[in-house]
Amino acid sequence: KRETFLSQLKEAGLEIEEVEASEDLRFEKLHVPMEVLKGYAEILRLRLKLKEHDFSAIYSRDKDHLFEDDSVKFSPAARSRIVEFILQRERIFPEEGGDASAFGFNRLVSDGVYLAGYPLHDGTIRTPGSQRQFLSREWASWKRLFKPQPLDAIRDYFGVKIGLYFAWLSFYTAMLILPGIAGVICLVYGWATLGSNIPALEICGGSMANTTMCPQCDKSCNTWLLEVACDMTWYKYLFDNISSVCYGFCMSLWSAVFLEGWKRYSAEIYHHWDVFGFD
C-alpha cells in the first residue's frame, strides 16, 4: 500500500524526501514544485492575489503574469490545501489488484500504514524572516495585547477559516468592554446601597431574624431561624438589585448592536480578502 501510494504521489508531481528517525520511525517529507502548485491551483480554482492590487481572482496559468511573483504567490495555507487535495485523491492499491475504490491518505492512517500526516512550519520562531517568527512577535506576544491583530498574516499562514475566527474573537472581545464596565457599575451600585436593603436589614437582626422556618427536608432536617440566611441575603443583593433590571435591558440592546456590527465588520473582511461566498 505504501509503495503504491508513494508512486502515485510521484506521478502527481510531488518530490519525496525520506528521513530515518529511528529503526521503527521514518518520516517522508513532501515537496511541491511550483509548476505542480500552479496546475492544482487551476484545478481547485484558487483565488490568488493580483499584482499591485488589493483583490484576488481565480488563478489561470494562461494569465500567470497578472498574479503575484512565484516567491509570494502561494501562502502556506494554500500550499497545505493543495497537498491535502493530492493526498486524498491517490490510490493505495495497484490498478490490477486490491480494492480499486480505496483512495486517500486517511485510509492509510486507519489501516496503520502511516501514523499521521501534517504540514510543517516554515521554520522556528527564531528563523529570520519566517512567518512563524513574525506571528510570534506581532501576534502571540503580551507586548501586543492592545494592538490590532495581523489578520492578513494569520489568514495566509492558517487559512481563511482560522483568520475569520480570530477576526470574530477580537471583535467580540472589544464589544464586551462596554458590558463589562456596565457590570462593574451595577456591582458598585449594589455595594453602595447595601445598607438601604430593607429585607436584609429585617432578616439580619431585625424583626424577622427570629422567625422560625420550616425544615428543608422531610425526615432528618430541623426547623431553622431566618437569621441564618443573613449572609446570603446580602450577597444576593449585590447582584440582584434595581440596577440589574437596567443592565438586562441594556444587554438586550447590546446583543442587537453586536450582531449588526459583526455583519458590517465581517463584510469589510470578506471584501478585503475577496472571499464572498466562502464555504
# chains A, B, ... in the order shown; residues from 1 in each chain; ligands from 1

$ residues_around --residues "stretch 88-96 of chain A" --least-positions-apart "3" --cutoff "9 Å" --atoms "only C-alpha atoms" --output "ChimeraX atom specification"
/A:1-6,8-9,12,83-85,99-108

$ residues_around --residues "A:Gly13" --least-positions-apart "5" --cutoff "8 Å" --atoms "only C-alpha atoms" --output "PDB file with N, CA, C and O atoms, in the first residue's frame"
ATOM      1  N   VAL A  32       6.506  20.277  -3.024  1.00  0.00           N
ATOM      2  CA  VAL A  32       5.660  20.535  -4.190  1.00  0.00           C
ATOM      3  C   VAL A  32       6.348  21.564  -5.087  1.00  0.00           C
ATOM      4  O   VAL A  32       6.488  22.726  -4.692  1.00  0.00           O
ATOM      5  N   PRO A  33       6.766  21.171  -6.286  1.00  0.00           N
ATOM      6  CA  PRO A  33       7.359  22.147  -7.214  1.00  0.00           C
ATOM      7  C   PRO A  33       6.343  23.216  -7.604  1.00  0.00           C
ATOM      8  O   PRO A  33       5.132  23.008  -7.542  1.00  0.00           O
ATOM      9  N   VAL A  36       3.704  22.341 -10.215  1.00  0.00           N
ATOM     10  CA  VAL A  36       2.631  21.483  -9.699  1.00  0.00           C
ATOM     11  C   VAL A  36       1.633  22.317  -8.910  1.00  0.00           C
ATOM     12  O   VAL A  36       0.410  22.126  -9.026  1.00  0.00           O
TER      13      VAL A  36
END

$ atom_distance --atom1 "atom CA of A:Ile242" --atom2 "atom CA of A:Glu260"
28.6 Å

$ residues_around --residues "A:Lys236" --least-positions-apart "3" --cutoff "12 Å" --atoms "only C-alpha atoms" --output "PDB file with N, CA and C atoms, in the first residue's frame"
ATOM      1  N   LEU A 187     -22.393  46.421  40.053  1.00  0.00           N
ATOM      2  CA  LEU A 187     -21.867  45.816  41.268  1.00  0.00           C
ATOM      3  C   LEU A 187     -21.534  46.890  42.312  1.00  0.00           C
ATOM      4  N   GLY A 190     -24.734  48.173  43.826  1.00  0.00           N
ATOM      5  CA  GLY A 190     -25.244  47.253  44.832  1.00  0.00           C
ATOM      6  C   GLY A 190     -24.477  47.355  46.137  1.00  0.00           C
ATOM      7  N   TRP A 191     -23.155  47.518  46.037  1.00  0.00           N
ATOM      8  CA  TRP A 191     -22.333  47.646  47.244  1.00  0.00           C
ATOM      9  C   TRP A 191     -22.633  48.959  47.968  1.00  0.00           C
ATOM     10  N   LEU A 194     -26.036  48.906  49.808  1.00  0.00           N
ATOM     11  CA  LEU A 194     -26.260  47.688  50.599  1.00  0.00           C
ATOM     12  C   LEU A 194     -26.980  48.000  51.909  1.00  0.00           C
ATOM     13  N   ASN A 197     -30.985  48.163  52.002  1.00  0.00           N
ATOM     14  CA  ASN A 197     -31.772  46.990  51.624  1.00  0.00           C
ATOM     15  C   ASN A 197     -32.634  46.553  52.822  1.00  0.00           C
ATOM     16  N   PRO A 199     -35.191  44.315  53.242  1.00  0.00           N
ATOM     17  CA  PRO A 199     -35.318  42.893  53.568  1.00  0.00           C
ATOM     18  C   PRO A 199     -34.096  42.333  54.290  1.00  0.00           C
ATOM     19  N   ALA A 200     -32.896  42.735  53.849  1.00  0.00           N
ATOM     20  CA  ALA A 200     -31.687  42.239  54.507  1.00  0.00           C
ATOM     21  C   ALA A 200     -31.586  42.768  55.931  1.00  0.00           C
ATOM     22  N   ALA A 229     -30.047  32.973  57.066  1.00  0.00           N
ATOM     23  CA  ALA A 229     -29.925  33.387  55.664  1.00  0.00           C
ATOM     24  C   ALA A 229     -29.426  34.818  55.515  1.00  0.00           C
ATOM     25  N   CYS A 230     -28.888  35.385  56.591  1.00  0.00           N
ATOM     26  CA  CYS A 230     -28.460  36.793  56.566  1.00  0.00           C
ATOM     27  C   CYS A 230     -27.382  37.037  55.514  1.00  0.00           C
ATOM     28  N   ASP A 231     -26.288  36.270  55.562  1.00  0.00           N
ATOM     29  CA  ASP A 231     -25.184  36.499  54.624  1.00  0.00           C
ATOM     30  C   ASP A 231     -25.616  36.307  53.182  1.00  0.00           C
ATOM     31  N   MET A 232     -26.408  35.270  52.941  1.00  0.00           N
ATOM     32  CA  MET A 232     -26.868  35.009  51.588  1.00  0.00           C
ATOM     33  C   MET A 232     -27.719  36.160  51.059  1.00  0.00           C
ATOM     34  N   THR A 233     -28.509  36.783  51.930  1.00  0.00           N
ATOM     35  CA  THR A 233     -29.337  37.907  51.505  1.00  0.00           C
ATOM     36  C   THR A 233     -28.490  39.100  51.093  1.00  0.00           C
ATOM     37  N   PHE A 239     -25.852  41.411  43.458  1.00  0.00           N
ATOM     38  CA  PHE A 239     -26.004  41.062  42.046  1.00  0.00           C
ATOM     39  C   PHE A 239     -27.456  41.118  41.573  1.00  0.00           C
ATOM     40  N   ASP A 240     -28.384  41.325  42.480  1.00  0.00           N
ATOM     41  CA  ASP A 240     -29.797  41.319  42.114  1.00  0.00           C
ATOM     42  C   ASP A 240     -30.479  42.507  42.782  1.00  0.00           C
ATOM     43  N   ASN A 241     -30.355  43.668  42.133  1.00  0.00           N
ATOM     44  CA  ASN A 241     -30.987  44.876  42.637  1.00  0.00           C
ATOM     45  C   ASN A 241     -31.616  45.622  41.455  1.00  0.00           C
ATOM     46  N   SER A 244     -29.828  45.727  38.149  1.00  0.00           N
ATOM     47  CA  SER A 244     -29.794  44.523  37.333  1.00  0.00           C
ATOM     48  C   SER A 244     -30.853  44.566  36.237  1.00  0.00           C
TER      49      SER A 244
END

$ residues_around --residues "stretch 70-79 of chain A" --least-positions-apart "5" --cutoff "6 Å" --atoms "only C-alpha atoms" --output "NGL selection string"
:A and (156-159)

$ write_last_selection --atoms "C-alpha atoms" --output "PDB file, in the first residue's frame"
ATOM      1  CA  ASP A 156      -2.019  33.487   4.985  1.00  0.00           C
ATOM      2  CA  TYR A 157      -0.487  31.095   7.498  1.00  0.00           C
ATOM      3  CA  PHE A 158      -3.513  29.268   8.904  1.00  0.00           C
ATOM      4  CA  GLY A 159      -6.147  29.763   6.213  1.00  0.00           C
TER       5      GLY A 159
END

$ closest_residue --among "A:Phe67, A:Ala182, A:Glu28, A:Glu17" --to "A:Arg47" --atoms "only C-alpha atoms"
A:Phe67

$ atom_distance --atom1 "atom CA of A:Asp274" --atom2 "atom CA of A:Phe55"
6.0 Å

$ atom_distance --atom1 "atom CA of A:Val257" --atom2 "atom CA of A:Val275"
24.2 Å

$ select_by_dssp --residues "stretch 96-236 of chain A" --states "helix (DSSP H, G or I)" --output "count of residues only"
77

$ residues_around --residues "A:Ile125" --least-positions-apart "6" --cutoff "7 Å" --atoms "only C-alpha atoms" --output "PyMOL selection string"
chain A and resi 132-133+136

$ write_last_selection --atoms "C-alpha atoms" --output "mmCIF file, in the first residue's frame"
data_model
loop_
_atom_site.group_PDB
_atom_site.id
_atom_site.type_symbol
_atom_site.label_atom_id
_atom_site.label_comp_id
_atom_site.auth_asym_id
_atom_site.auth_seq_id
_atom_site.Cartn_x
_atom_site.Cartn_y
_atom_site.Cartn_z
ATOM 1 C CA ARG A 132 6.145 31.938 12.297
ATOM 2 C CA GLN A 133 8.667 34.373 13.768
ATOM 3 C CA SER A 136 5.262 35.101 17.395
#

$ residues_around --residues "stretch 202-218 of chain A" --least-positions-apart "4" --cutoff "8 Å" --atoms "only C-alpha atoms" --output "NGL selection string"
:A and (198 or 222-227 or 229-230)

$ residues_around --residues "A:His31" --least-positions-apart "2" --cutoff "7 Å" --atoms "only C-alpha atoms" --output "list in words"
Leu14, Glu15, Ile16, Lys29 and Pro33 of chain A

$ select_by_dssp --residues "stretch 89-252 of chain A" --states "strand (DSSP E)" --output "list of chain:residue names"
A:Thr212, A:Met213, A:Trp224, A:Leu225

$ write_last_selection --atoms "all heavy atoms" --output "compact mmCIF listing (two decimals), in the first residue's frame"
# COMPACT_ATOMS: atom_id res chain seq x y z
N THR A 212 -39.14 31.43 62.86
CA THR A 212 -38.84 30.01 62.71
C THR A 212 -39.31 29.53 61.34
O THR A 212 -40.47 29.71 60.96
CB THR A 212 -39.54 29.19 63.80
OG1 THR A 212 -39.11 29.66 65.09
CG2 THR A 212 -39.20 27.71 63.66
N MET A 213 -38.40 28.92 60.61
CA MET A 213 -38.69 28.45 59.25
C MET A 213 -38.89 26.95 59.24
O MET A 213 -38.38 26.22 60.11
CB MET A 213 -37.53 28.82 58.32
CG MET A 213 -37.19 30.31 58.32
SD MET A 213 -38.54 31.36 57.76
CE MET A 213 -38.62 30.86 56.04
N TRP A 224 -35.36 26.00 61.42
CA TRP A 224 -34.22 26.90 61.47
C TRP A 224 -34.71 28.34 61.50
O TRP A 224 -35.83 28.65 61.14
CB TRP A 224 -33.29 26.67 60.29
CG TRP A 224 -33.99 26.77 58.95
CD1 TRP A 224 -34.81 25.85 58.39
CD2 TRP A 224 -33.94 27.87 58.04
NE1 TRP A 224 -35.27 26.27 57.17
CE2 TRP A 224 -34.75 27.53 56.92
CE3 TRP A 224 -33.28 29.10 58.05
CZ2 TRP A 224 -34.93 28.36 55.85
CZ3 TRP A 224 -33.46 29.93 56.95
CH2 TRP A 224 -34.27 29.58 55.87
N LEU A 225 -33.85 29.23 62.02
CA LEU A 225 -34.20 30.64 62.12
C LEU A 225 -33.83 31.38 60.83
O LEU A 225 -32.80 31.10 60.20
CB LEU A 225 -33.47 31.28 63.31
CG LEU A 225 -33.83 30.73 64.70
CD1 LEU A 225 -33.02 31.43 65.76
CD2 LEU A 225 -35.33 30.88 64.97

$ closest_residue --among "A:Val188, A:Ala167, A:Ala174, A:Leu120" --to "A:Tyr265" --atoms "only C-alpha atoms"
A:Ala167
